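Novice: What follows is a structure written as structure tokens; I'll ask about it next.
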Amino acid sequence: MKSNVKAYLTLQNGKQFQGYRFGAEGEVLGELVFTTGMTGYIETLTDPSYYGQIVTQTFPLIGNYGMIDKDAESKKPWVSAYIVRELCDKPSNFRCEKALDEYLEEKGIAGLYGIDTRELTKIVREYGVMNAKITDRPLKSADELLKYTVKNAVKSVTCAEPEYFGDEKGLKVVVWDFGAKDNISKELVKRGCYCIKVPSFYTAEQILALKPDGLMLTNGPGDPAENVEIIENLKNLAGKLPVFGICLGHQLFALAMGGKTMKMKYGHRGANQPVKNLETGRVYISSQNHGYEVIASSLHGVGKLSYINANDGTCEGFDYPGLNAYTVQFHPEACGGPQDCSFLFDRFISNMKGGKFDA
């Protein structure tokens, strides 16, 4: 049942919203972002890339098909808190295992409903990503919000030890876990690969000792430039095996190649981001979740810009032909979609086999 317990959301610019609690109790401080997906809230909640963030859904009704463990992208939710306009407390779905409210309460994640998420989204869109805090009483000062930053994000979400998926007879892929969504490994296993997911603290020597056919650089949270050790290890791996990078993996490889990244005003989050292939001119609809971008001009002479965002022209992909590596900012493994760019996994398989691939 929906509660009538009031709570307050205060933004770092002093703007305040009143809502009602669901999920777990407690005060929460985090980075406020919004996502535009009409479906896929289960995947959003369990995406490690949302570590340290209070997530607002722009779609007004959330929870209508309940929670389904099989659809989760990891073993637990990673959002700091969750904000919706209207909470559905009576989901209708034959696969439903429990209601969203019950799930968040079990997992210790605070939620707010009854917030005007349209107004909230417009504020973030206008002023950019900002910090916010959920409290039981109106917050008198926003000073502490200005000091908050998401730190040690990758170290906080990576696996503790190697995990194995798929047929051992298949192509061996090391999935370097920076906060990986499970569907990345599932897409590789679907194509006959044997995946070894390793923690972010693995070294280049440890990865090469596994004698993989390819290296998958996964998505993950936080400021890519913070991951100094990973970037140094990537420098020692580049050119030694086929590489495919997604999201944070795309950013980290760019930094290892001497490129630069910067924080975006409000990032790209949602399932409707158009990306343009610069070689073919074709536009794909993609799912994305990132707050940083690669500055394409910083990689001049290193590789080739392959995709751009059709809305704002930011870098969405880079090819490194001399290194048998390519990376994309968007999610070709998106679940629940769109899956327009799933062919990028086929390209990776082809690269590992030493062949050529035409999209």
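Identifiers in the structure tokens: chain A, B, ... in order shown; residue index from 1 per chain; ligand index from 1 in order shown.
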Set the distance at 8 Å and use only C-alpha atoms: which residues neighbour A:Ala72 once local chain neighbours fewer than 6 positions away are removed? I'd like the list as a list in words.
Specialist: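 Result of the neighbour search: Ile42, Glu43, Thr46 and Asp182 of chain A.
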Novice: Keeping only N, CA and C atoms, write the selected residues to a file as a PDB file, in the first residue's frame.
Specialist:
```
ATOM      1  N   ILE A  42      13.333  -1.927 -13.993  1.00  0.00           N
ATOM      2  CA  ILE A  42      14.067  -2.973 -13.269  1.00  0.00           C
ATOM      3  C   ILE A  42      15.545  -2.898 -13.629  1.00  0.00           C
ATOM      4  N   GLU A  43      15.809  -2.769 -14.926  1.00  0.00           N
ATOM      5  CA  GLU A  43      17.188  -2.658 -15.394  1.00  0.00           C
ATOM      6  C   GLU A  43      17.844  -1.378 -14.905  1.00  0.00           C
ATOM      7  N   THR A  46      18.959  -1.705 -11.227  1.00  0.00           N
ATOM      8  CA  THR A  46      20.044  -2.658 -10.993  1.00  0.00           C
ATOM      9  C   THR A  46      21.265  -2.407 -11.873  1.00  0.00           C
ATOM     10  N   ASP A 182      24.681  -7.354 -16.671  1.00  0.00           N
ATOM     11  CA  ASP A 182      24.743  -8.784 -16.962  1.00  0.00           C
ATOM     12  C   ASP A 182      24.484  -9.101 -18.430  1.00  0.00           C
TER      13      ASP A 182
END
```
Novice: With only C-alpha atoms as the counted atoms, please give the residues lying no more than 10 Å from stretch 306-314 of chain A, apart from itself and same-chain residues fewer than 2 positions off, as number ranges by chain.
Specialist: A: 264, 268, 273-286, 293-296, 303-304, 316-320, 326-330
Novice: Check the smallest atom-to-atom distance from each of A:Ile62, A:Leu45, A:Val129, A:Val124 to A:Glu31 using only C-alpha atoms, then report the winner.
Specialist: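 Once distances to A:Glu31 are computed over only C-alpha atoms, the minimum belongs to A:Val129.
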Novice: Write out as number ranges by chain all residues of stretch 92-188 of chain A that backbone DSSP assigns to helix (DSSP H, G or I).
Specialist: A: 100-107, 117-127, 143-147, 153-157, 182-188
Novice: Let's have the selection written as an mmCIF file, in the first residue's frame, with C-alpha atoms.
Specialist:
```cif
data_model
loop_
_atom_site.group_PDB
_atom_site.id
_atom_site.type_symbol
_atom_site.label_atom_id
_atom_site.label_comp_id
_atom_site.auth_asym_id
_atom_site.auth_seq_id
_atom_site.Cartn_x
_atom_site.Cartn_y
_atom_site.Cartn_z
ATOM 1 C CA LEU A 100 8.355 -2.188 -6.516
ATOM 2 C CA ASP A 101 7.675 -0.788 -3.032
ATOM 3 C CA GLU A 102 8.326 -4.158 -1.381
ATOM 4 C CA TYR A 103 11.493 -4.718 -3.405
ATOM 5 C CA LEU A 104 13.038 -1.358 -2.509
ATOM 6 C CA GLU A 105 12.147 -1.795 1.150
ATOM 7 C CA GLU A 106 13.899 -5.189 1.183
ATOM 8 C CA LYS A 107 16.979 -3.748 -0.517
ATOM 9 C CA THR A 117 8.895 14.816 -12.072
ATOM 10 C CA ARG A 118 8.179 16.934 -15.144
ATOM 11 C CA GLU A 119 9.153 20.115 -13.290
ATOM 12 C CA LEU A 120 12.096 18.357 -11.663
ATOM 13 C CA THR A 121 13.386 17.153 -15.026
ATOM 14 C CA LYS A 122 13.062 20.613 -16.553
ATOM 15 C CA ILE A 123 15.166 22.048 -13.723
ATOM 16 C CA VAL A 124 17.940 19.477 -14.282
ATOM 17 C CA ARG A 125 17.718 19.994 -18.050
ATOM 18 C CA GLU A 126 18.091 23.742 -17.604
ATOM 19 C CA TYR A 127 20.722 23.914 -14.870
ATOM 20 C CA ASP A 143 25.361 23.966 1.928
ATOM 21 C CA GLU A 144 26.265 20.307 2.534
ATOM 22 C CA LEU A 145 24.867 19.372 -0.886
ATOM 23 C CA LEU A 146 27.499 21.443 -2.671
ATOM 24 C CA LYS A 147 30.306 19.329 -1.197
ATOM 25 C CA ALA A 153 32.625 4.382 -7.910
ATOM 26 C CA VAL A 154 34.174 1.542 -9.946
ATOM 27 C CA LYS A 155 35.906 0.061 -6.898
ATOM 28 C CA SER A 156 32.537 0.036 -5.098
ATOM 29 C CA VAL A 157 30.600 -1.891 -7.763
ATOM 30 C CA ASP A 182 24.743 -8.784 -16.962
ATOM 31 C CA ASN A 183 23.352 -8.580 -20.467
ATOM 32 C CA ILE A 184 26.830 -7.846 -21.872
ATOM 33 C CA SER A 185 27.989 -11.334 -20.898
ATOM 34 C CA LYS A 186 24.663 -12.809 -21.989
ATOM 35 C CA GLU A 187 25.064 -11.340 -25.495
ATOM 36 C CA LEU A 188 28.550 -12.838 -25.741
#
```
Novice: Pick out each residue of stretch 194-245 of chain A that DSSP on the backbone tags as strand (DSSP E); I need them as number ranges by chain.
Specialist: A: 194-198, 214-217, 243-245
Novice: Those selected residues, please, written with all heavy atoms and delivered as a CSV table (one decimal), in the first residue's frame.
Specialist:
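Everything below was put into selection22.csv:
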```csv
chain,number,residue,atom,x,y,z
A,194,TYR,N,32.9,-17.9,-24.2
A,194,TYR,CA,33.2,-18.3,-22.8
A,194,TYR,C,33.7,-17.1,-22.1
A,194,TYR,O,34.8,-16.5,-22.5
A,194,TYR,CB,34.2,-19.4,-22.8
A,194,TYR,CG,34.6,-19.8,-21.3
A,194,TYR,CD1,33.6,-20.2,-20.4
A,194,TYR,CD2,35.9,-19.9,-20.9
A,194,TYR,CE1,34.0,-20.6,-19.1
A,194,TYR,CE2,36.3,-20.2,-19.7
A,194,TYR,CZ,35.3,-20.6,-18.7
A,194,TYR,OH,35.6,-21.0,-17.5
A,195,CYS,N,32.9,-16.5,-21.2
A,195,CYS,CA,33.2,-15.2,-20.6
A,195,CYS,C,33.8,-15.5,-19.2
A,195,CYS,O,33.3,-16.2,-18.4
A,195,CYS,CB,32.0,-14.4,-20.4
A,195,CYS,SG,31.3,-13.9,-22.0
A,196,ILE,N,34.9,-14.8,-18.9
A,196,ILE,CA,35.5,-14.7,-17.6
A,196,ILE,C,35.4,-13.3,-17.2
A,196,ILE,O,36.2,-12.4,-17.7
A,196,ILE,CB,37.0,-15.2,-17.6
A,196,ILE,CG1,37.1,-16.6,-18.2
A,196,ILE,CG2,37.6,-15.1,-16.2
A,196,ILE,CD1,38.6,-17.0,-18.4
A,197,LYS,N,34.5,-13.0,-16.2
A,197,LYS,CA,34.4,-11.6,-15.7
A,197,LYS,C,35.4,-11.4,-14.6
A,197,LYS,O,35.4,-12.2,-13.6
A,197,LYS,CB,33.0,-11.4,-15.2
A,197,LYS,CG,32.7,-9.9,-14.8
A,197,LYS,CD,31.2,-9.6,-14.7
A,197,LYS,CE,30.7,-10.1,-13.4
A,197,LYS,NZ,29.3,-9.6,-13.1
A,198,VAL,N,36.2,-10.4,-14.7
A,198,VAL,CA,37.3,-10.2,-13.7
A,198,VAL,C,37.1,-8.8,-13.1
A,198,VAL,O,36.6,-7.9,-13.7
A,198,VAL,CB,38.7,-10.3,-14.3
A,198,VAL,CG1,38.9,-11.7,-15.0
A,198,VAL,CG2,38.9,-9.2,-15.4
A,214,GLY,N,39.8,-12.2,-26.7
A,214,GLY,CA,39.3,-10.8,-26.7
A,214,GLY,C,39.1,-10.2,-25.4
A,214,GLY,O,38.9,-10.9,-24.4
A,215,LEU,N,39.0,-8.9,-25.3
A,215,LEU,CA,38.8,-8.1,-24.1
A,215,LEU,C,37.6,-7.2,-24.2
A,215,LEU,O,37.5,-6.4,-25.1
A,215,LEU,CB,40.0,-7.3,-23.7
A,215,LEU,CG,40.0,-6.4,-22.5
A,215,LEU,CD1,39.8,-7.2,-21.2
A,215,LEU,CD2,41.2,-5.5,-22.4
A,216,MET,N,36.6,-7.4,-23.3
A,216,MET,CA,35.4,-6.6,-23.2
A,216,MET,C,35.6,-5.6,-22.1
A,216,MET,O,35.7,-6.0,-20.9
A,216,MET,CB,34.2,-7.5,-23.0
A,216,MET,CG,32.9,-6.8,-22.9
A,216,MET,SD,32.2,-6.4,-24.5
A,216,MET,CE,32.0,-4.6,-24.2
A,217,LEU,N,35.5,-4.3,-22.5
A,217,LEU,CA,35.5,-3.2,-21.4
A,217,LEU,C,34.1,-2.8,-21.2
A,217,LEU,O,33.4,-2.3,-22.1
A,217,LEU,CB,36.4,-2.0,-22.0
A,217,LEU,CG,37.8,-2.4,-22.5
A,217,LEU,CD1,38.4,-1.1,-23.0
A,217,LEU,CD2,38.6,-3.0,-21.4
A,243,VAL,N,39.8,-5.6,-28.8
A,243,VAL,CA,39.1,-4.9,-27.7
A,243,VAL,C,37.8,-4.3,-28.2
A,243,VAL,O,37.7,-3.8,-29.2
A,243,VAL,CB,40.0,-3.8,-27.1
A,243,VAL,CG1,39.2,-3.0,-26.1
A,243,VAL,CG2,41.3,-4.3,-26.5
A,244,PHE,N,36.7,-4.5,-27.3
A,244,PHE,CA,35.4,-3.9,-27.5
A,244,PHE,C,35.1,-3.2,-26.3
A,244,PHE,O,35.0,-3.8,-25.2
A,244,PHE,CB,34.4,-4.9,-27.9
A,244,PHE,CG,33.0,-4.4,-28.1
A,244,PHE,CD1,32.7,-3.1,-28.4
A,244,PHE,CD2,31.9,-5.3,-28.1
A,244,PHE,CE1,31.4,-2.6,-28.6
A,244,PHE,CE2,30.6,-4.9,-28.3
A,244,PHE,CZ,30.4,-3.5,-28.5
A,245,GLY,N,34.8,-1.9,-26.3
A,245,GLY,CA,34.5,-1.1,-25.1
A,245,GLY,C,33.1,-0.5,-25.2
A,245,GLY,O,32.7,0.0,-26.3
```
Novice: Kindly indicate which residue among A:Tyr82, A:Tyr8, A:Phe201, A:Phe253 lies nearest to A:Val302, using only C-alpha atoms for the distances.
Specialist: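 Looking only at the distances to A:Val302, the closest residue turns out to be A:Phe253.
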Novice: Could you please determine the separation between atom CA of A:Ser3 and atom CA of A:Tyr20 in Å, to one decimal place?
Specialist: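 Interatomic distance, atom CA of A:Ser3 to atom CA of A:Tyr20: 6.7 Å.
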Novice: Could you pull the residues within 12 Å of A:Gly354, counting only C-alpha atoms, minus those fewer than 2 positions along the same chain, as a ChimeraX atom specification?
Specialist: /A:213-214,241-242,324,347-352,356-357
Novice: Rank A:Asn236, A:Asn13, A:Leu344, A:Pro162 by their smallest atom-to-atom distance to A:Leu210, using only C-alpha atoms, and report the top residue only.
Specialist: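 Nearest to A:Leu210: A:Pro162.
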Novice: Contacts of A:Met67 at 6 Å or less, counting only C-alpha atoms, minus same-chain residues fewer than 3 places along, as a list in words?
Specialist: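 The residues that qualify are Cys96, Glu97, Lys98, Ala99 and Leu100 of chain A.
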Novice: Can you pull out the residues contacting A:Met262? Cut-off 12 Å, using only C-alpha atoms, and skip same-chain residues under 4 positions away; I want them as a PyMOL selection string.
Specialist: chain A and resi 222-226+251+254-255+266-267+290-296+298+314-315
Novice: Give me the residues within 10 Å of A:Lys211 as a list of chain:residue names, counting only C-alpha atoms and dropping any in the same chain fewer than 6 places off.
Specialist: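 Those residues are A:Lys172, A:Val173, A:Val174, A:Leu241.
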Novice: Since we have the selection now, will you write its residues out, keeping N, CA, C and O atoms, as a compact mmCIF listing (two decimals), in the first residue's frame?
Specialist:
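Once written, part_3.txt looks like this:
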```
# COMPACT_ATOMS: atom_id res chain seq x y z
N LYS A 172 37.30 -17.30 -25.86
CA LYS A 172 37.46 -16.85 -24.47
C LYS A 172 37.52 -15.32 -24.42
O LYS A 172 38.41 -14.72 -25.01
N VAL A 173 36.58 -14.74 -23.72
CA VAL A 173 36.52 -13.28 -23.59
C VAL A 173 36.68 -12.89 -22.13
O VAL A 173 35.93 -13.37 -21.27
N VAL A 174 37.63 -12.03 -21.85
CA VAL A 174 37.73 -11.44 -20.51
C VAL A 174 36.81 -10.24 -20.46
O VAL A 174 36.96 -9.30 -21.26
N LEU A 241 45.42 -7.64 -28.13
CA LEU A 241 44.26 -8.51 -28.34
C LEU A 241 43.09 -7.65 -28.78
O LEU A 241 43.08 -6.43 -28.54
```
Novice: Using only C-alpha atoms, pick whichever of A:Ala180, A:Cys88, A:Leu9, A:Ile54 has the shortest atom-to-atom distance to A:Lys75.
Specialist: A:Ala180
Novice: Please report the interatomic distance between atom CA of A:Lys181 and atom CA of A:Asp69 in Å with one decimal.
Specialist: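 Spanning atom CA of A:Lys181 to atom CA of A:Asp69 is a straight-line distance of 13.8 Å.
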Novice: Please indicate the distance in Å from atom CA of A:Leu139 to atom CA of A:Thr10, rounded to one decimal place.
Specialist: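 Straight-line distance from atom CA of A:Leu139 to atom CA of A:Thr10 works out to 6.6 Å.
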